[in-house]
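> One structure coming up, written as structure tokens, with questions to follow.
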Amino acid sequence: MAGQDVSKYRYRVAVSALTALWLAACGGGGGSAPAGEPPGAGGQVPAPAPAPAPAPAPAPAPAPAPNTVEIVASTAAQPDTHYVVNAAGAGAIDITLPGLPAIGDFVSVRGASDNPWRLIPGWAPLTSARSAVMPFVISTTNLAGNAPAGQNWRTHLEPKQWHWVASDPLGSVLVAADIPGRLHVSLDAGTTWDAGNSPTANWVSVAMNRTPSASDPLGANALQLVAAAYGGGIYRYSGGAWAEVTDPAVDLGSREWESITVDPGGGILAAVLNGPIYYTTSTGFVAATAVGSATPLVRAWRALAGRSVAASQDGEVWVSSDGGRTWALRNVTIAVAGRYDSALYLSRDRGVTWSRTPAPAGDYTAVAMSGDAQVIGATLTNSATSATTGSVQLSRDGGASFAALAMPGPDTNWRAIAMSADAHMFVVAAGTFSSATGQLYTSLGDRTSHATVPGSITGGQNGFVEVEYTGGNRWNVRTSSGGPFTVR
């Protein structure tokens, strides 16, 4: 990169919408006896005669015995049924949950033979009101041996100089970029990865937007995915392939891009180091300005969060209320996180005020946040100015406390982190800008995965799982025993 260490003073910011819930309650007072009636003889009101005792209620009818079905082959489950796997041979048995369940429906599976079995959430079928099948997931918080995201990790691909990772809201589409290297895309929650036709470049930022809907439950048709290369161009992913974004009026191919975002409609916001922030219109790329100015706003930009927050290398934080077209400076001297012994700070009022979190000071490289802002993750690399070792810091209480995750392997140069909106899927990566490589990891917890191929719970002999449909395309593990179980 022309001899420049682009990791220096790198800032990372993350934002999330917060919703305030206001509760109002009203109460009433008790009544009192009428005034003016003295106690004593002649003034007392006779006590009413006691009401006759109610007739005893008839004893409830005994609950019908639950349906128990022994199966020897893969089965499409029926509601309110207990299944016992008792098959000959060693073949795996799949039990697919009902496609149109009612709230309260349950299904249970018990392994009697030594066959492995899978409980699969499956898909809700088409209906007259729904033009696409709907994916289900299983919440596994009550599963014996369940672990939240961040405890069990899977490695992916070979070690590389990883620099950036991204996740869609469901944790189904993941992207990992190395530097210099290519863009590795997973469309199945990390099971497989493909670099496709992505060119080799110094990828420094990847952004994704995916909005599921009733007609497109995985948001596959609404996926917006873009990437920016330092000293290179901007690329968009569509139909399984990458294509360079061009503009006849703006040179996009050789800029020192630092950060990029994309909105549901495909609109791009991208920031240049020692240059302006660009936003797209129907006619092309336009340089953003400060509020009340017609001059492009040039700064040493390092990070964008959505279309409303930008951080510079000089510690400035700017905010936009019009989608990135104009920006106003917030009177703060630090960004959310920065390189070289920076603390980690949070703002809950669009940058008006900031508070320091208890996360350790260090060389921060990336920040990620859940949709409700309760789970916050940050990566730190080995300190360039002290002997501080890098770590992956996580808060599950909105930033009130942080703790280092226990990561597998010897990596300490942690470079990037991303998470799904529900914080049940994490993707983290290690690497440096010089020659040291690191590993790419994912961790799924508390639920099965959202993906084109649905997740599952795998058990075996003596394993028992009962799930209940709780609405919202989600089954809940109601009770379980035996095991071990594997969650995909």
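Residues in the structure tokens are numbered from 1 in each chain, the chains being A, B, ... in the order shown, and ligands are numbered from 1 in the order shown.
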Give me, as CSV, the closest atom pair and its distance (Å, one decimal) for every residue of region 391-454 of chain A within a cut-off of 10 Å of region 483-487 of chain A, counting only C-alpha atoms, rows sorted by chain and rising number.

```
residue,atom,partner,partner_atom,distance
A:Leu444,CA,A:Val487,CA,8.4
A:Gly445,CA,A:Val487,CA,8.3
A:Asp446,CA,A:Val487,CA,9.0
A:Arg447,CA,A:Val487,CA,7.6
A:Thr448,CA,A:Val487,CA,6.0
A:Ser449,CA,A:Val487,CA,8.4
```
> Restricting it to C-alpha atoms, dump the selection as a PDB file, in the first residue's frame.

```pdb
ATOM      1  CA  LEU A 444     -23.421 -20.244  16.945  1.00  0.00           C
ATOM      2  CA  GLY A 445     -25.321 -20.437  20.221  1.00  0.00           C
ATOM      3  CA  ASP A 446     -28.817 -20.628  21.716  1.00  0.00           C
ATOM      4  CA  ARG A 447     -30.478 -21.564  18.408  1.00  0.00           C
ATOM      5  CA  THR A 448     -30.165 -23.506  15.185  1.00  0.00           C
ATOM      6  CA  SER A 449     -28.953 -21.577  12.149  1.00  0.00           C
TER       7      SER A 449
END
```
> Taking the DSSP assignment computed from this structure's backbone, write out as a ChimeraX atom specification all residues of region 90-297 of chain A that belong to strand (DSSP E or B).
/A:93-96,106-111,117-120,123-124,127,130,134-135,137-139,154-160,162-167,174-178,181,183-186,194,201,203-209,224-232,234-238,241-244,255-262,268-275,277-281,284-287,289-290,296
> In Å to one decimal, how far is CA of Ser456 (chain A) from CA of Leu119 (chain A)?
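These atoms are spaced 5.5 Å apart.
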> Neighbours of Val107 (chain A) within 8 Å (only C-alpha atoms; same-chain residues fewer than 5 positions away dropped), as a ChimeraX atom specification?
/A:77-83,97,466-468
> So that I can see what lies close to Val298 (chain A), please list as a PyMOL selection string the residues with an atom at most 10 Å from it, counting only C-alpha atoms and leaving out residues fewer than 2 positions away in the same chain.
chain A and resi 271-277+287-290+295-296+300-301+312
> Just give me the gap between CA of Leu183 (chain A) and CA of Arg299 (chain A) in Å, one decimal is fine.
27.5 Å
> I want to know what sits within 10 Å of Asp263 (chain A), based on only C-alpha atoms, with residues of the same chain fewer than 3 positions away left out; could you give that as a list in words?
Ala207, Met208, Asn209, Arg210, Thr211, Leu223, Gln224, Leu225, Gly266, Gly267, Ile268, Leu269, Gly306, Arg307 and Gly323 of chain A
> With 12 Å as the cut-off and only C-alpha atoms counted, what is the closest atom pair between each nearby residue of region 195-291 of chain A and region 167-177 of chain A? Distances in Å to one decimal, ordered by chain and number, as a Markdown table.

```
| residue | atom | partner | partner_atom | distance |
| --- | --- | --- | --- | --- |
| A:Ala195 | CA | A:Ala177 | CA | 9.3 |
| A:Gly196 | CA | A:Val175 | CA | 11.9 |
| A:Ser198 | CA | A:Ala177 | CA | 10.1 |
| A:Pro199 | CA | A:Ala177 | CA | 11.1 |
| A:Thr200 | CA | A:Ala177 | CA | 9.9 |
| A:Ala201 | CA | A:Ala177 | CA | 9.4 |
| A:Asn202 | CA | A:Ala177 | CA | 8.7 |
| A:Trp203 | CA | A:Ala177 | CA | 6.1 |
| A:Val204 | CA | A:Ala177 | CA | 7.7 |
| A:Ser205 | CA | A:Ala177 | CA | 8.2 |
| A:Val206 | CA | A:Val175 | CA | 7.6 |
| A:Ala207 | CA | A:Ser167 | CA | 8.4 |
| A:Met208 | CA | A:Asp168 | CA | 6.1 |
| A:Asn209 | CA | A:Asp168 | CA | 6.3 |
| A:Arg210 | CA | A:Asp168 | CA | 6.0 |
| A:Thr211 | CA | A:Pro169 | CA | 7.9 |
| A:Pro212 | CA | A:Leu170 | CA | 8.9 |
| A:Pro217 | CA | A:Leu170 | CA | 10.3 |
| A:Leu218 | CA | A:Leu170 | CA | 7.9 |
| A:Gly219 | CA | A:Leu170 | CA | 9.3 |
| A:Ala220 | CA | A:Val173 | CA | 9.4 |
| A:Ala222 | CA | A:Asp168 | CA | 11.1 |
| A:Leu223 | CA | A:Asp168 | CA | 8.5 |
| A:Gln224 | CA | A:Asp168 | CA | 9.5 |
| A:Leu225 | CA | A:Val175 | CA | 9.2 |
| A:Val226 | CA | A:Val175 | CA | 10.3 |
| A:Ala227 | CA | A:Ala177 | CA | 9.1 |
| A:Ala228 | CA | A:Ala177 | CA | 10.3 |
| A:Ala229 | CA | A:Ala177 | CA | 10.0 |
| A:Tyr237 | CA | A:Val175 | CA | 11.0 |
| A:Val262 | CA | A:Asp168 | CA | 11.8 |
| A:Pro264 | CA | A:Asp168 | CA | 11.7 |
```
> Go through A:Trp414, A:Phe464, A:Tyr278, A:Phe402 one by one, measure the shortest atom-to-atom distance of each to Tyr441 (chain A) using only C-alpha atoms, and give the residue with the smallest value.
A:Trp414
> Excluding Thr381 (chain A) and any residue of its chain fewer than 5 positions from it, enumerate the residues within 9 Å of it, using only C-alpha atoms, and give them as a list of chain:residue names.
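The residues satisfying every condition are A:Gly362, A:Asp363, A:Tyr364, A:Thr365, A:Thr388, A:Thr389, A:Gly390, A:Ser391, A:Val392, A:Thr412, A:Asn413, A:Trp414, A:Arg415, A:Ala430, A:Gly431, A:Thr432.
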> What are the nearest atom pairs, with distances in Å to one decimal, for all residues of region 396-462 of chain A that come at most 6 Å from region 110-118 of chain A, using only C-alpha atoms, set out by chain and rising residue number as CSV?

```
residue,atom,partner,partner_atom,distance
A:Ile457,CA,A:Arg118,CA,5.5
A:Thr458,CA,A:Arg118,CA,4.3
A:Gly459,CA,A:Trp117,CA,5.4
A:Gly460,CA,A:Pro116,CA,4.5
A:Gln461,CA,A:Gly111,CA,4.3
A:Asn462,CA,A:Gly111,CA,5.0
```
> What does the file look like for those residues with C-alpha atoms, as a JSON list (two decimals), in the first residue's frame?

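selection-v2.json written:
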```
[["chain", "number", "residue", "atom", "x", "y", "z"],
["A", 457, "ILE", "CA", -30.41, -30.71, 16.50],
["A", 458, "THR", "CA", -28.62, -34.07, 16.27],
["A", 459, "GLY", "CA", -28.94, -36.72, 18.98],
["A", 460, "GLY", "CA", -28.53, -40.43, 19.43],
["A", 461, "GLN", "CA", -29.42, -43.37, 21.65],
["A", 462, "ASN", "CA", -31.06, -42.32, 24.95]]
```
> Nearest residue to Ser342 (chain A) out of A:Val286, A:Val375, A:Ala384, A:Ala305, using only C-alpha atoms?
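Using only C-alpha atoms, the shortest distance to Ser342 (chain A) belongs to A:Ala384.
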> Of the candidates A:Ala423, A:Ile179, A:Leu346, A:Ala189, which one gets nearest to Arg154 (chain A) if we count only C-alpha atoms?
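So, comparing all the options, the nearest one is A:Ala189.
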